[in-house]
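So the structure is just underneath, and the comments pick up after that.
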Amino acid sequence: MDVHKKEELVQLLSNLVASLSDQEKKEVLDKILGKKEGIPISVFRSGISGLESIVVYLKDVKGLTIKEIATILNRKKSTLYTTYKKAKEKLSGKIDSSDTSILISYSIFADRNFAVLESLVAHLKDDLKLPFVKIATLLNKKYSTVRTVYVRYKQKCQS
């Protein structure tokens, strides 16, 4: 490739990157560098709700602002402020983010048609092909709860 073509390509890429949000730029950079981003599975064993777990993890561990979290999760800032405050009242100590054997993509929680737990269980079952018993163990939930949540998810998909 000649120098002029390279310069033209660099200019096009530069214009494209300039049009992206900060979050989108970070995602592109992570893909280029091969970094895996996501929420460690252990975050969901904290004993607080799924949304509370995600918000506390993204705010306290990843250092994101409530506004950034609201964008990622497709939720109102006011909802997330309240969620964070209530979660911190319930949670004693830091949230456990040590088990990174499974990383859950932020994007699965942006679809507001499904509850956080429904999206999570469906992802683990459908995308990662895990059995309900394994999912229940990973999330520290009863088998029947996991199965019921999945059935509810499937029913919503058909509606």
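Each chain in the structure tokens gets a letter, A, B and so on, in the order shown; residues start at 1 in every chain, and ligands are counted from 1 in the order they appear.
Looking only at segment 22-124 of chain A, the set that DSSP places in strand (DSSP E) from backbone geometry is Ile39, Pro40, Leu103 and Ile104 of chain A.
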Could you pull the residues within 12 Å of segment 123-128 of chain A, counting only C-alpha atoms, minus those fewer than 5 positions along the same chain, as a tab-separated table (two decimals) with N, CA, C and O atoms, in the first residue's frame?
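After the write, selection-v7.tsv holds the following:
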chain	number	residue	atom	x	y	z
A	41	ILE	N	-18.62	-13.53	37.14
A	41	ILE	CA	-19.78	-14.29	37.61
A	41	ILE	C	-19.95	-14.20	39.12
A	41	ILE	O	-21.08	-14.21	39.62
A	102	ILE	N	-16.00	-16.80	34.17
A	102	ILE	CA	-17.06	-16.43	33.23
A	102	ILE	C	-17.26	-14.92	33.36
A	102	ILE	O	-17.52	-14.43	34.46
A	103	LEU	N	-17.13	-14.21	32.25
A	103	LEU	CA	-17.37	-12.77	32.22
A	103	LEU	C	-18.67	-12.51	31.46
A	103	LEU	O	-18.83	-12.97	30.33
A	104	ILE	N	-19.56	-11.78	32.08
A	104	ILE	CA	-20.86	-11.49	31.48
A	104	ILE	C	-20.80	-10.11	30.82
A	104	ILE	O	-20.51	-9.11	31.47
A	105	SER	N	-21.09	-10.08	29.53
A	105	SER	CA	-21.08	-8.83	28.77
A	105	SER	C	-22.13	-7.87	29.29
A	105	SER	O	-23.26	-8.26	29.59
A	106	TYR	N	-21.75	-6.60	29.40
A	106	TYR	CA	-22.68	-5.57	29.85
A	106	TYR	C	-23.90	-5.48	28.95
A	106	TYR	O	-25.00	-5.20	29.40
A	107	SER	N	-23.70	-5.73	27.68
A	107	SER	CA	-24.75	-5.50	26.69
A	107	SER	C	-25.99	-6.38	26.89
A	107	SER	O	-27.08	-5.99	26.47
A	108	ILE	N	-25.85	-7.54	27.52
A	108	ILE	CA	-27.03	-8.40	27.68
A	108	ILE	C	-28.07	-7.80	28.62
A	108	ILE	O	-29.23	-8.21	28.60
A	109	PHE	N	-27.68	-6.83	29.42
A	109	PHE	CA	-28.60	-6.23	30.39
A	109	PHE	C	-29.29	-4.98	29.87
A	109	PHE	O	-30.09	-4.38	30.57
A	114	PHE	N	-36.56	-7.67	29.63
A	114	PHE	CA	-36.25	-8.77	30.53
A	114	PHE	C	-35.63	-8.26	31.82
A	114	PHE	O	-34.87	-7.29	31.81
A	116	VAL	N	-33.02	-8.47	34.98
A	116	VAL	CA	-31.58	-8.76	34.99
A	116	VAL	C	-31.32	-10.26	35.14
A	116	VAL	O	-30.54	-10.84	34.39
A	117	LEU	N	-32.00	-10.89	36.09
A	117	LEU	CA	-31.79	-12.32	36.31
A	117	LEU	C	-32.23	-13.14	35.11
A	117	LEU	O	-31.58	-14.13	34.75
A	118	GLU	N	-33.31	-12.74	34.45
A	118	GLU	CA	-33.77	-13.44	33.25
A	118	GLU	C	-32.71	-13.36	32.15
A	118	GLU	O	-32.38	-14.38	31.52
A	133	VAL	N	-28.32	-26.86	36.68
A	133	VAL	CA	-27.63	-27.18	37.94
A	133	VAL	C	-26.36	-26.34	38.08
A	133	VAL	O	-26.09	-25.77	39.14
A	134	LYS	N	-25.59	-26.22	37.01
A	134	LYS	CA	-24.37	-25.42	37.03
A	134	LYS	C	-24.68	-23.94	37.22
A	134	LYS	O	-24.01	-23.24	37.97
A	135	ILE	N	-25.72	-23.46	36.53
A	135	ILE	CA	-26.13	-22.06	36.65
A	135	ILE	C	-26.54	-21.76	38.09
A	135	ILE	O	-26.14	-20.75	38.66
A	136	ALA	N	-27.32	-22.66	38.67
A	136	ALA	CA	-27.76	-22.47	40.06
A	136	ALA	C	-26.57	-22.39	41.00
A	136	ALA	O	-26.52	-21.53	41.89
A	137	THR	N	-25.58	-23.23	40.79
A	137	THR	CA	-24.38	-23.21	41.62
A	137	THR	C	-23.60	-21.92	41.42
A	137	THR	O	-23.18	-21.28	42.40
A	138	LEU	N	-23.41	-21.52	40.18
A	138	LEU	CA	-22.66	-20.29	39.87
A	138	LEU	C	-23.29	-19.05	40.50
A	138	LEU	O	-22.59	-18.14	40.94
A	139	LEU	N	-24.63	-19.01	40.51
A	139	LEU	CA	-25.34	-17.83	40.98
A	139	LEU	C	-25.78	-17.93	42.44
A	139	LEU	O	-26.37	-16.99	42.97
A	146	VAL	N	-33.83	-20.90	39.18
A	146	VAL	CA	-33.16	-20.71	37.89
A	146	VAL	C	-34.04	-21.22	36.75
A	146	VAL	O	-34.21	-20.55	35.73
A	147	ARG	N	-34.63	-22.40	36.94
A	147	ARG	CA	-35.48	-22.98	35.91
A	147	ARG	C	-36.72	-22.10	35.67
A	147	ARG	O	-37.10	-21.83	34.53
A	149	VAL	N	-37.08	-18.88	36.25
A	149	VAL	CA	-36.65	-17.63	35.61
A	149	VAL	C	-36.45	-17.86	34.11
A	149	VAL	O	-36.84	-17.03	33.28
A	150	TYR	N	-35.85	-18.99	33.75
A	150	TYR	CA	-35.61	-19.30	32.34
A	150	TYR	C	-36.93	-19.51	31.59
A	150	TYR	O	-37.10	-19.01	30.47
A	151	VAL	N	-37.86	-20.22	32.21
A	151	VAL	CA	-39.16	-20.44	31.59
A	151	VAL	C	-39.88	-19.10	31.37
A	151	VAL	O	-40.45	-18.86	30.31
A	153	TYR	N	-38.43	-16.21	30.96
A	153	TYR	CA	-37.71	-15.56	29.87
A	153	TYR	C	-38.24	-16.06	28.51
A	153	TYR	O	-38.52	-15.28	27.61
A	154	LYS	N	-38.34	-17.37	28.39
A	154	LYS	CA	-38.81	-17.97	27.13
A	154	LYS	C	-40.23	-17.55	26.80
A	154	LYS	O	-40.56	-17.30	25.63
Out of A:Asp111, A:Asp60, A:Glu37, A:Glu7, which residue has the shortest atom-to-atom distance to Arg75 of chain A when counting only C-alpha atoms?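 Looking only at the distances to Arg75 of chain A, the closest residue turns out to be A:Asp111.
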Could you check which of A:Arg152, A:Lys85, A:Lys129, A:Lys141 is closest to Ser46 of chain A, using only C-alpha atoms? A:Lys141
Write down as JSON, numbers by chain the residues of chain A whose backbone DSSP state falls under alpha helix (DSSP H). {"A": [3, 4, 5, 6, 7, 8, 9, 10, 11, 12, 13, 14, 15, 16, 17, 18, 22, 23, 24, 25, 26, 27, 28, 29, 30, 31, 32, 33, 50, 51, 52, 53, 54, 55, 56, 66, 67, 68, 69, 70, 71, 72, 73, 77, 78, 79, 80, 81, 82, 83, 84, 85, 86, 87, 88, 89, 90, 116, 117, 118, 119, 120, 121, 122, 132, 133, 134, 135, 136, 137, 138, 139, 143, 144, 145, 146, 147, 148, 149, 150, 151, 152, 153, 154, 155, 156, 157, 158]}
Quick one: distance from atom CA of Ser159 of chain A to atom CA of Arg112 of chain A in Å, one decimal?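 Interatomic distance here is 14.5 Å.
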Check the smallest atom-to-atom distance from each of A:Ser97, A:Ser144, A:Asn74, A:Thr83 to Gly50 of chain A using only C-alpha atoms, then report the winner. A:Thr83
Which residue out of A:Glu52, A:Ser119, A:Arg45, A:Lys59 has the minimum interatomic distance to Thr79 of chain A when only C-alpha atoms are used?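 Among the listed residues, A:Glu52 lies closest to Thr79 of chain A.
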Distance atom CA of Lys88 of chain A-atom CA of Ile72 of chain A, one decimal place?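 Interatomic distance here is 20.3 Å.
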Distance in Å - atom CA of Val56 of chain A versus atom CA of Ala110 of chain A: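 Rounded to one decimal, the two atoms are 16.5 Å apart.
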Given the choices A:Leu20, A:Val55, A:Leu12, A:Val121, which gets closest to Lys77 of chain A if the distance is worked out from only C-alpha atoms?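 Closest candidate: A:Val55.
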